[in-house]
file model12.tsv (TSV, N, CA and C atoms)
chain	number	residue	atom	x	y	z
A	1	MET	N	0.85	-1.18	0.00
A	1	MET	CA	0.00	0.00	0.00
A	1	MET	C	0.90	1.24	0.00
A	2	PRO	N	0.65	2.19	-0.90
A	2	PRO	CA	1.51	3.39	-0.98
A	2	PRO	C	1.24	4.36	0.16
A	3	LEU	N	2.19	5.27	0.34
A	3	LEU	CA	2.04	6.33	1.33
A	3	LEU	C	0.86	7.21	0.96
A	4	GLU	N	0.03	7.52	1.96
A	4	GLU	CA	-1.12	8.42	1.79
A	4	GLU	C	-0.98	9.57	2.76
A	5	ALA	N	-1.43	10.75	2.35
A	5	ALA	CA	-1.51	11.91	3.24
A	5	ALA	C	-2.99	12.16	3.51
A	6	ILE	N	-3.37	12.01	4.76
A	6	ILE	CA	-4.78	12.14	5.14
A	6	ILE	C	-4.92	13.29	6.13
A	7	ALA	N	-5.79	14.23	5.80
A	7	ALA	CA	-6.04	15.38	6.68
A	7	ALA	C	-7.05	14.98	7.75
A	8	ILE	N	-6.70	15.27	8.99
A	8	ILE	CA	-7.64	15.01	10.09
A	8	ILE	C	-7.85	16.31	10.86
A	9	ASN	N	-9.00	16.40	11.49
A	9	ASN	CA	-9.28	17.56	12.35
A	9	ASN	C	-9.74	17.11	13.73
A	10	SER	N	-9.32	15.90	14.07
A	10	SER	CA	-9.60	15.34	15.39
A	10	SER	C	-8.61	14.21	15.63
A	11	LEU	N	-8.08	14.16	16.84
A	11	LEU	CA	-7.11	13.11	17.16
A	11	LEU	C	-7.75	11.75	17.38
A	12	ASP	N	-9.08	11.71	17.39
A	12	ASP	CA	-9.73	10.41	17.49
A	12	ASP	C	-10.27	9.95	16.13
A	13	ALA	N	-9.72	10.53	15.06
A	13	ALA	CA	-10.10	10.11	13.71
A	13	ALA	C	-9.77	8.62	13.52
A	14	PRO	N	-10.64	7.90	12.84
A	14	PRO	CA	-10.44	6.45	12.67
A	14	PRO	C	-9.48	6.12	11.52
A	15	LEU	N	-8.24	6.54	11.64
A	15	LEU	CA	-7.26	6.27	10.59
A	15	LEU	C	-6.74	4.85	10.61
A	16	ILE	N	-6.57	4.31	11.80
A	16	ILE	CA	-6.05	2.94	11.94
A	16	ILE	C	-7.25	2.00	11.86
A	17	LYS	N	-7.25	1.14	10.85
A	17	LYS	CA	-8.42	0.29	10.59
A	17	LYS	C	-8.73	-0.66	11.74
A	18	LYS	N	-7.69	-1.27	12.28
A	18	LYS	CA	-7.90	-2.22	13.39
A	18	LYS	C	-6.98	-1.84	14.54
A	19	PRO	N	-7.34	-0.79	15.29
A	19	PRO	CA	-6.46	-0.37	16.39
A	19	PRO	C	-6.34	-1.46	17.46
A	20	ALA	N	-5.15	-1.60	17.99
A	20	ALA	CA	-4.90	-2.61	19.03
A	20	ALA	C	-5.40	-2.14	20.39
A	21	ARG	N	-5.58	-0.82	20.54
A	21	ARG	CA	-6.02	-0.25	21.82
A	21	ARG	C	-6.65	1.10	21.57
A	22	ASP	N	-7.37	1.60	22.56
A	22	ASP	CA	-7.94	2.95	22.48
A	22	ASP	C	-6.80	3.95	22.41
A	23	ASN	N	-7.01	5.04	21.70
A	23	ASN	CA	-6.03	6.13	21.58
A	23	ASN	C	-4.73	5.71	20.90
A	24	GLU	N	-4.76	4.65	20.11
A	24	GLU	CA	-3.53	4.20	19.45
A	24	GLU	C	-2.97	5.27	18.51
A	25	LEU	N	-3.83	5.98	17.79
A	25	LEU	CA	-3.36	7.02	16.88
A	25	LEU	C	-2.61	8.11	17.66
A	26	VAL	N	-3.18	8.56	18.75
A	26	VAL	CA	-2.54	9.60	19.58
A	26	VAL	C	-1.20	9.10	20.10
A	27	GLU	N	-1.17	7.87	20.59
A	27	GLU	CA	0.08	7.30	21.11
A	27	GLU	C	1.15	7.24	20.03
A	28	ARG	N	0.77	6.81	18.85
A	28	ARG	CA	1.74	6.70	17.76
A	28	ARG	C	2.23	8.06	17.28
A	29	LEU	N	1.32	9.04	17.19
A	29	LEU	CA	1.73	10.39	16.80
A	29	LEU	C	2.65	11.00	17.85
A	30	GLN	N	2.30	10.83	19.10
A	30	GLN	CA	3.14	11.36	20.18
A	30	GLN	C	4.53	10.72	20.12
A	31	ALA	N	4.60	9.43	19.89
A	31	ALA	CA	5.88	8.73	19.79
A	31	ALA	C	6.69	9.24	18.60
A	32	LEU	N	6.01	9.52	17.47
A	32	LEU	CA	6.71	10.07	16.30
A	32	LEU	C	7.40	11.39	16.67
A	33	TYR	N	6.65	12.28	17.30
A	33	TYR	CA	7.23	13.58	17.67
A	33	TYR	C	8.29	13.44	18.76
A	34	ASP	N	8.05	12.54	19.71
A	34	ASP	CA	9.04	12.35	20.77
A	34	ASP	C	10.36	11.81	20.23
A	35	SER	N	10.31	11.08	19.12
A	35	SER	CA	11.53	10.51	18.55
A	35	SER	C	12.29	11.49	17.66
A	36	ASP	N	11.73	12.68	17.46
A	36	ASP	CA	12.29	13.66	16.54
A	36	ASP	C	12.90	14.83	17.31
A	37	ASP	N	14.22	14.88	17.37
A	37	ASP	CA	14.90	15.93	18.13
A	37	ASP	C	14.68	17.33	17.55
A	38	ALA	N	14.24	17.41	16.30
A	38	ALA	CA	14.01	18.70	15.66
A	38	ALA	C	12.65	19.31	16.03
A	39	GLN	N	11.82	18.54	16.73
A	39	GLN	CA	10.47	19.00	17.07
A	39	GLN	C	10.28	19.05	18.59
A	40	PRO	N	9.32	19.85	19.04
A	40	PRO	CA	8.99	19.84	20.47
A	40	PRO	C	8.46	18.46	20.89
A	41	ASP	N	8.28	18.27	22.18
A	41	ASP	CA	7.74	17.00	22.67
A	41	ASP	C	6.39	16.71	22.04
A	42	GLY	N	6.09	15.44	21.88
A	42	GLY	CA	4.86	15.02	21.24
A	42	GLY	C	3.61	15.59	21.88
A	43	ILE	N	3.55	15.58	23.19
A	43	ILE	CA	2.36	16.08	23.87
A	43	ILE	C	2.17	17.58	23.60
A	44	GLU	N	3.28	18.32	23.52
A	44	GLU	CA	3.22	19.75	23.24
A	44	GLU	C	2.70	20.00	21.82
A	45	VAL	N	3.23	19.28	20.85
A	45	VAL	CA	2.78	19.43	19.45
A	45	VAL	C	1.30	19.06	19.33
A	46	LEU	N	0.90	17.96	19.93
A	46	LEU	CA	-0.49	17.52	19.82
A	46	LEU	C	-1.43	18.51	20.50
A	47	ASN	N	-1.00	19.14	21.58
A	47	ASN	CA	-1.83	20.18	22.22
A	47	ASN	C	-2.00	21.38	21.28
A	48	ILE	N	-0.92	21.78	20.62
A	48	ILE	CA	-0.99	22.90	19.66
A	48	ILE	C	-1.93	22.53	18.51
A	49	VAL	N	-1.78	21.33	18.02
A	49	VAL	CA	-2.62	20.86	16.91
A	49	VAL	C	-4.09	20.83	17.33
A	50	GLU	N	-4.37	20.34	18.53
A	50	GLU	CA	-5.76	20.30	19.00
A	50	GLU	C	-6.35	21.70	19.11
A	51	GLN	N	-5.56	22.67	19.54
A	51	GLN	CA	-6.04	24.05	19.56
A	51	GLN	C	-6.34	24.51	18.13
A	52	GLY	N	-5.50	24.12	17.19
A	52	GLY	CA	-5.73	24.45	15.79
A	52	GLY	C	-7.01	23.82	15.25
A	53	PHE	N	-7.31	22.60	15.68
A	53	PHE	CA	-8.54	21.94	15.23
A	53	PHE	C	-9.75	22.81	15.55
A	54	LYS	N	-9.74	23.48	16.69
A	54	LYS	CA	-10.87	24.33	17.10
A	54	LYS	C	-11.06	25.51	16.16
A	55	ARG	N	-10.01	25.86	15.41
A	55	ARG	CA	-10.08	26.97	14.46
A	55	ARG	C	-10.13	26.47	13.01
A	56	GLY	N	-10.41	25.19	12.84
A	56	GLY	CA	-10.55	24.64	11.49
A	56	GLY	C	-9.26	24.22	10.83
A	57	GLN	N	-8.19	24.06	11.60
A	57	GLN	CA	-6.90	23.66	11.05
A	57	GLN	C	-6.84	22.14	10.93
A	58	TYR	N	-5.79	21.65	10.26
A	58	TYR	CA	-5.65	20.22	10.01
A	58	TYR	C	-4.28	19.70	10.43
A	59	LEU	N	-4.24	18.41	10.68
A	59	LEU	CA	-2.99	17.68	10.79
A	59	LEU	C	-3.03	16.65	9.68
A	60	TYR	N	-2.02	16.69	8.83
A	60	TYR	CA	-1.91	15.65	7.81
A	60	TYR	C	-1.09	14.52	8.40
A	61	VAL	N	-1.62	13.32	8.25
A	61	VAL	CA	-0.95	12.12	8.75
A	61	VAL	C	-0.57	11.27	7.55
A	62	GLY	N	0.69	10.88	7.49
A	62	GLY	CA	1.16	9.99	6.44
A	62	GLY	C	0.96	8.56	6.88
A	63	MET	N	0.07	7.87	6.20
A	63	MET	CA	-0.24	6.49	6.56
A	63	MET	C	0.40	5.54	5.56
A	64	PHE	N	1.00	4.48	6.10
A	64	PHE	CA	1.59	3.43	5.28
A	64	PHE	C	1.34	2.10	5.99
A	65	ASN	N	0.72	1.16	5.30
A	65	ASN	CA	0.38	-0.14	5.89
A	65	ASN	C	-0.37	0.01	7.21
A	66	ASP	N	-1.35	0.91	7.20
A	66	ASP	CA	-2.25	1.14	8.34
A	66	ASP	C	-1.55	1.70	9.58
A	67	LYS	N	-0.39	2.31	9.39
A	67	LYS	CA	0.35	2.92	10.51
A	67	LYS	C	0.74	4.34	10.14
A	68	PRO	N	0.67	5.26	11.10
A	68	PRO	CA	1.14	6.62	10.83
A	68	PRO	C	2.67	6.66	10.84
A	69	ILE	N	3.27	7.11	9.72
A	69	ILE	CA	4.73	7.17	9.66
A	69	ILE	C	5.23	8.60	9.45
A	70	ALA	N	4.29	9.55	9.30
A	70	ALA	CA	4.68	10.95	9.11
A	70	ALA	C	3.51	11.83	9.52
A	71	ALA	N	3.83	13.08	9.85
A	71	ALA	CA	2.78	14.04	10.19
A	71	ALA	C	3.30	15.45	9.96
A	72	VAL	N	2.39	16.34	9.60
A	72	VAL	CA	2.71	17.77	9.48
A	72	VAL	C	1.42	18.55	9.72
A	73	ALA	N	1.53	19.63	10.48
A	73	ALA	CA	0.38	20.50	10.73
A	73	ALA	C	0.22	21.46	9.57
A	74	CYS	N	-1.03	21.75	9.23
A	74	CYS	CA	-1.36	22.68	8.16
A	74	CYS	C	-2.25	23.76	8.76
A	75	PHE	N	-1.68	24.96	8.94
A	75	PHE	CA	-2.38	26.05	9.61
A	75	PHE	C	-2.73	27.15	8.63
A	76	ASP	N	-3.82	27.83	8.90
A	76	ASP	CA	-4.30	28.96	8.12
A	76	ASP	C	-4.22	30.18	9.02
A	77	ASP	N	-3.60	31.26	8.53
A	77	ASP	CA	-3.49	32.45	9.37
A	77	ASP	C	-4.78	33.27	9.42
A	78	GLY	N	-5.76	32.90	8.59
A	78	GLY	CA	-7.03	33.60	8.60
A	78	GLY	C	-7.01	34.93	7.86
A	79	GLN	N	-5.87	35.33	7.35
A	79	GLN	CA	-5.76	36.62	6.68
A	79	GLN	C	-5.42	36.49	5.21
A	80	THR	N	-4.76	35.43	4.84
A	80	THR	CA	-4.39	35.22	3.44
A	80	THR	C	-4.82	33.82	3.04
A	81	ASN	N	-4.60	33.50	1.80
A	81	ASN	CA	-4.91	32.16	1.31
A	81	ASN	C	-3.73	31.20	1.49
A	82	ALA	N	-2.64	31.70	2.07
A	82	ALA	CA	-1.46	30.86	2.27
A	82	ALA	C	-1.68	29.88	3.43
A	83	LYS	N	-1.07	28.72	3.32
A	83	LYS	CA	-1.09	27.72	4.39
A	83	LYS	C	0.30	27.60	4.96
A	84	ARG	N	0.38	27.54	6.28
A	84	ARG	CA	1.65	27.38	6.97
A	84	ARG	C	1.80	25.90	7.34
A	85	LEU	N	2.88	25.30	6.86
A	85	LEU	CA	3.18	23.92	7.21
A	85	LEU	C	4.22	23.91	8.31
A	86	GLN	N	3.95	23.16	9.35
A	86	GLN	CA	4.82	23.18	10.53
A	86	GLN	C	4.76	21.83	11.24
A	87	TYR	N	5.80	21.55	12.00
A	87	TYR	CA	5.88	20.33	12.82
A	87	TYR	C	5.93	19.05	11.96
A	88	LEU	N	6.79	19.05	10.96
A	88	LEU	CA	6.98	17.86	10.13
A	88	LEU	C	7.80	16.84	10.91
A	89	THR	N	7.30	15.62	10.94
A	89	THR	CA	8.05	14.52	11.54
A	89	THR	C	7.84	13.26	10.70
A	90	VAL	N	8.85	12.41	10.71
A	90	VAL	CA	8.81	11.14	9.98
A	90	VAL	C	9.35	10.06	10.92
A	91	HIS	N	8.77	8.89	10.83
A	91	HIS	CA	9.19	7.77	11.66
A	91	HIS	C	10.71	7.56	11.50
A	92	PRO	N	11.41	7.28	12.61
A	92	PRO	CA	12.87	7.13	12.55
A	92	PRO	C	13.38	6.15	11.49
A	93	GLU	N	12.68	5.06	11.26
A	93	GLU	CA	13.12	4.07	10.28
A	93	GLU	C	12.96	4.57	8.83
A	94	ASN	N	12.22	5.66	8.66
A	94	ASN	CA	11.96	6.19	7.32
A	94	ASN	C	12.69	7.50	7.06
A	95	ARG	N	13.47	7.96	8.01
A	95	ARG	CA	14.21	9.21	7.81
A	95	ARG	C	15.36	8.95	6.83
A	96	LYS	N	15.73	9.98	6.13
A	96	LYS	CA	16.82	9.92	5.14
A	96	LYS	C	16.49	8.98	3.97
A	97	ARG	N	15.19	8.80	3.72
A	97	ARG	CA	14.75	7.97	2.60
A	97	ARG	C	13.82	8.76	1.68
A	98	ALA	N	13.82	10.09	1.82
A	98	ALA	CA	13.00	11.01	1.01
A	98	ALA	C	11.50	10.85	1.25
A	99	ILE	N	11.13	10.17	2.32
A	99	ILE	CA	9.71	10.07	2.67
A	99	ILE	C	9.18	11.45	3.00
A	100	ASP	N	10.00	12.29	3.65
A	100	ASP	CA	9.55	13.64	4.01
A	100	ASP	C	9.16	14.44	2.77
A	101	ALA	N	9.96	14.36	1.72
A	101	ALA	CA	9.67	15.10	0.48
A	101	ALA	C	8.42	14.54	-0.20
A	102	LYS	N	8.31	13.24	-0.26
A	102	LYS	CA	7.12	12.63	-0.88
A	102	LYS	C	5.87	13.02	-0.10
A	103	PHE	N	5.96	13.00	1.21
A	103	PHE	CA	4.82	13.35	2.06
A	103	PHE	C	4.43	14.82	1.88
A	104	ILE	N	5.40	15.72	1.88
A	104	ILE	CA	5.11	17.14	1.68
A	104	ILE	C	4.46	17.36	0.31
A	105	LYS	N	4.92	16.65	-0.71
A	105	LYS	CA	4.31	16.77	-2.05
A	105	LYS	C	2.87	16.29	-2.02
A	106	LEU	N	2.57	15.23	-1.30
A	106	LEU	CA	1.19	14.74	-1.18
A	106	LEU	C	0.32	15.77	-0.49
A	107	VAL	N	0.83	16.39	0.58
A	107	VAL	CA	0.08	17.43	1.31
A	107	VAL	C	-0.14	18.62	0.39
A	108	TYR	N	0.91	19.04	-0.31
A	108	TYR	CA	0.81	20.14	-1.27
A	108	TYR	C	-0.30	19.86	-2.28
A	109	ASP	N	-0.31	18.68	-2.86
A	109	ASP	CA	-1.32	18.33	-3.86
A	109	ASP	C	-2.73	18.40	-3.28
A	110	CYS	N	-2.91	17.91	-2.07
A	110	CYS	CA	-4.23	17.95	-1.42
A	110	CYS	C	-4.69	19.40	-1.23
A	111	GLU	N	-3.79	20.23	-0.76
A	111	GLU	CA	-4.15	21.63	-0.49
A	111	GLU	C	-4.38	22.42	-1.77
A	112	VAL	N	-3.61	22.14	-2.81
A	112	VAL	CA	-3.81	22.82	-4.10
A	112	VAL	C	-5.19	22.48	-4.65
A	113	ARG	N	-5.60	21.23	-4.51
A	113	ARG	CA	-6.94	20.83	-4.96
A	113	ARG	C	-8.03	21.60	-4.21
A	114	LYS	N	-7.73	22.04	-2.99
A	114	LYS	CA	-8.69	22.83	-2.21
A	114	LYS	C	-8.64	24.31	-2.59
A	115	GLY	N	-7.70	24.69	-3.44
A	115	GLY	CA	-7.62	26.07	-3.88
A	115	GLY	C	-6.48	26.89	-3.30
A	116	VAL	N	-5.63	26.28	-2.48
A	116	VAL	CA	-4.50	27.00	-1.90
A	116	VAL	C	-3.49	27.30	-3.01
A	117	ARG	N	-2.95	28.51	-3.02
A	117	ARG	CA	-2.00	28.92	-4.06
A	117	ARG	C	-0.61	29.23	-3.51
A	118	GLU	N	-0.49	29.36	-2.18
A	118	GLU	CA	0.80	29.73	-1.60
A	118	GLU	C	1.00	29.03	-0.26
A	119	PHE	N	2.26	28.67	0.01
A	119	PHE	CA	2.59	27.96	1.24
A	119	PHE	C	3.71	28.70	1.97
A	120	VAL	N	3.65	28.61	3.30
A	120	VAL	CA	4.67	29.21	4.14
A	120	VAL	C	5.26	28.09	5.00
A	121	PRO	N	6.44	27.59	4.63
A	121	PRO	CA	7.07	26.55	5.45
A	121	PRO	C	7.62	27.18	6.73
A	122	ALA	N	7.25	26.61	7.87
A	122	ALA	CA	7.61	27.21	9.15
A	122	ALA	C	8.89	26.65	9.76
A	123	ASP	N	9.53	25.72	9.10
A	123	ASP	CA	10.82	25.25	9.60
A	123	ASP	C	11.76	24.96	8.45
A	124	ALA	N	13.03	24.81	8.75
A	124	ALA	CA	14.07	24.70	7.73
A	124	ALA	C	13.90	23.47	6.84
A	125	ASP	N	13.53	22.33	7.41
A	125	ASP	CA	13.38	21.11	6.61
A	125	ASP	C	12.25	21.25	5.59
A	126	ILE	N	11.12	21.78	6.03
A	126	ILE	CA	9.99	21.97	5.11
A	126	ILE	C	10.36	22.99	4.04
A	127	HIS	N	11.03	24.07	4.46
A	127	HIS	CA	11.43	25.10	3.50
A	127	HIS	C	12.38	24.52	2.45
A	128	ARG	N	13.34	23.71	2.88
A	128	ARG	CA	14.29	23.09	1.95
A	128	ARG	C	13.55	22.24	0.93
A	129	ILE	N	12.65	21.41	1.39
A	129	ILE	CA	11.90	20.52	0.50
A	129	ILE	C	11.06	21.34	-0.48
A	130	MET	N	10.31	22.29	0.04
A	130	MET	CA	9.40	23.05	-0.81
A	130	MET	C	10.15	23.94	-1.79
A	131	SER	N	11.29	24.44	-1.39
A	131	SER	CA	12.10	25.25	-2.31
A	131	SER	C	12.71	24.37	-3.40
A	132	GLU	N	13.28	23.25	-2.99
A	132	GLU	CA	13.94	22.35	-3.94
A	132	GLU	C	12.97	21.84	-5.02
A	133	TYR	N	11.74	21.56	-4.63
A	133	TYR	CA	10.76	21.04	-5.57
A	133	TYR	C	9.80	22.11	-6.10
A	134	GLU	N	10.12	23.38	-5.82
A	134	GLU	CA	9.33	24.52	-6.28
A	134	GLU	C	7.87	24.40	-5.90
A	135	LEU	N	7.63	24.18	-4.61
A	135	LEU	CA	6.26	23.99	-4.11
A	135	LEU	C	5.79	25.15	-3.24
A	136	LEU	N	6.52	26.24	-3.19
A	136	LEU	CA	6.13	27.35	-2.34
A	136	LEU	C	4.91	28.10	-2.87
A	137	ARG	N	4.78	28.14	-4.17
A	137	ARG	CA	3.69	28.88	-4.80
A	137	ARG	C	3.24	28.11	-6.03
A	138	VAL	N	1.93	28.07	-6.24
A	138	VAL	CA	1.39	27.39	-7.42
A	138	VAL	C	1.63	28.30	-8.63
A	139	LYS	N	2.19	27.73	-9.65
A	139	LYS	CA	2.42	28.50	-10.89
A	139	LYS	C	1.13	28.57	-11.68
A	140	ASP	N	0.76	29.75	-12.08
A	140	ASP	CA	-0.48	29.92	-12.86
A	140	ASP	C	-0.24	29.72	-14.34
call {"tool": "encode", "arguments": {"input": "model12.tsv", "output": "structure tokens"}}
result
Amino acid sequence: MPLEAIAINSLDAPLIKKPARDNELVERLQALYDSDDAQPDGIEVLNIVEQGFKRGQYLYVGMFNDKPIAAVACFDDGQTNAKRLQYLTVHPENRKRAIDAKFIKLVYDCEVRKGVREFVPADADIHRIMSEYELLRVKD
């Protein structure tokens, strides 16, 4: 099964088809962020994301073989049509395998289909990927 980018607006979204326990998605996302030294602690990121959910924001989750292996928050500043991508993380076993770039491209494609024309990468890794693949702005 190929990598998918799925937008969620609730941490209890039924992304895992056969969860082994309650809150498995939250536990796995928290573990992803906790394993990433470039990001704040998982609980801190998930709290920020949950606050964003209340304002209509999304968390894109990269699913592969029914497991979350990547995540990035997609925030709207409410003033422009630009989307801010922040808090990108990838499972440790998938780092340095270009999964981050593929995942960002999937998120970009989803948001462009919704009408987004400009992106603001909020960290160096996202900025590098989006600049390298010319994904900062949709070409008309």
call {"tool": "atom_distance", "arguments": {"input": "model12.tsv", "atom1": "atom CA of A:Glu4", "atom2": "atom CA of A:Ser131"}}
result
21.8 Å
call {"tool": "closest_residue", "arguments": {"input": "model12.tsv", "among": "A:Leu3, A:Arg28, A:Val49, A:His127", "to": "A:Phe103", "atoms": "all atoms listed in the file"}}
result
A:Leu3
call {"tool": "residues_around", "arguments": {"input": "model12.tsv", "residues": "A:Ala31", "least_positions_apart": "6", "cutoff": "10 Å", "atoms": "only C-alpha atoms", "output": "PyMOL selection string"}}
result
chain A and resi 25+41-43+91
call {"tool": "write_last_selection", "arguments": {"input": "model12.tsv", "atoms": "N, CA and C atoms", "output": "compact mmCIF listing (two decimals), in the frame of the given file"}}
result
# COMPACT_ATOMS: atom_id res chain seq x y z
N LEU A 25 -3.83 5.98 17.79
CA LEU A 25 -3.36 7.02 16.88
C LEU A 25 -2.61 8.11 17.66
N ASP A 41 8.28 18.27 22.18
CA ASP A 41 7.74 17.00 22.67
C ASP A 41 6.39 16.71 22.04
N GLY A 42 6.09 15.44 21.88
CA GLY A 42 4.86 15.02 21.24
C GLY A 42 3.61 15.59 21.88
N ILE A 43 3.55 15.58 23.19
CA ILE A 43 2.36 16.08 23.87
C ILE A 43 2.17 17.58 23.60
N HIS A 91 8.77 8.89 10.83
CA HIS A 91 9.19 7.77 11.66
C HIS A 91 10.71 7.56 11.50
call {"tool": "residues_around", "arguments": {"input": "model12.tsv", "residues": "A:Asn23", "least_positions_apart": "6", "cutoff": "8 Å", "atoms": "only N, CA and C atoms", "output": "JSON, numbers by chain"}}
result
{"A": [11, 12, 29]}
call {"tool": "residues_around", "arguments": {"input": "model12.tsv", "residues": "A:Glu44", "least_positions_apart": "5", "cutoff": "10 Å", "atoms": "only C-alpha atoms", "output": "list of chain:residue names"}}
result
A:Gln30, A:Tyr33, A:Asp34, A:Gln39, A:Val49, A:Glu50
call {"tool": "atom_distance", "arguments": {"input": "model12.tsv", "atom1": "atom N of A:Leu136", "atom2": "atom C of A:Phe119"}}
result
6.4 Å
call {"tool": "closest_residue", "arguments": {"input": "model12.tsv", "among": "A:Ile99, A:Leu85, A:Val112, A:Val107", "to": "A:Ala73", "atoms": "only N, CA and C atoms"}}
result
A:Leu85
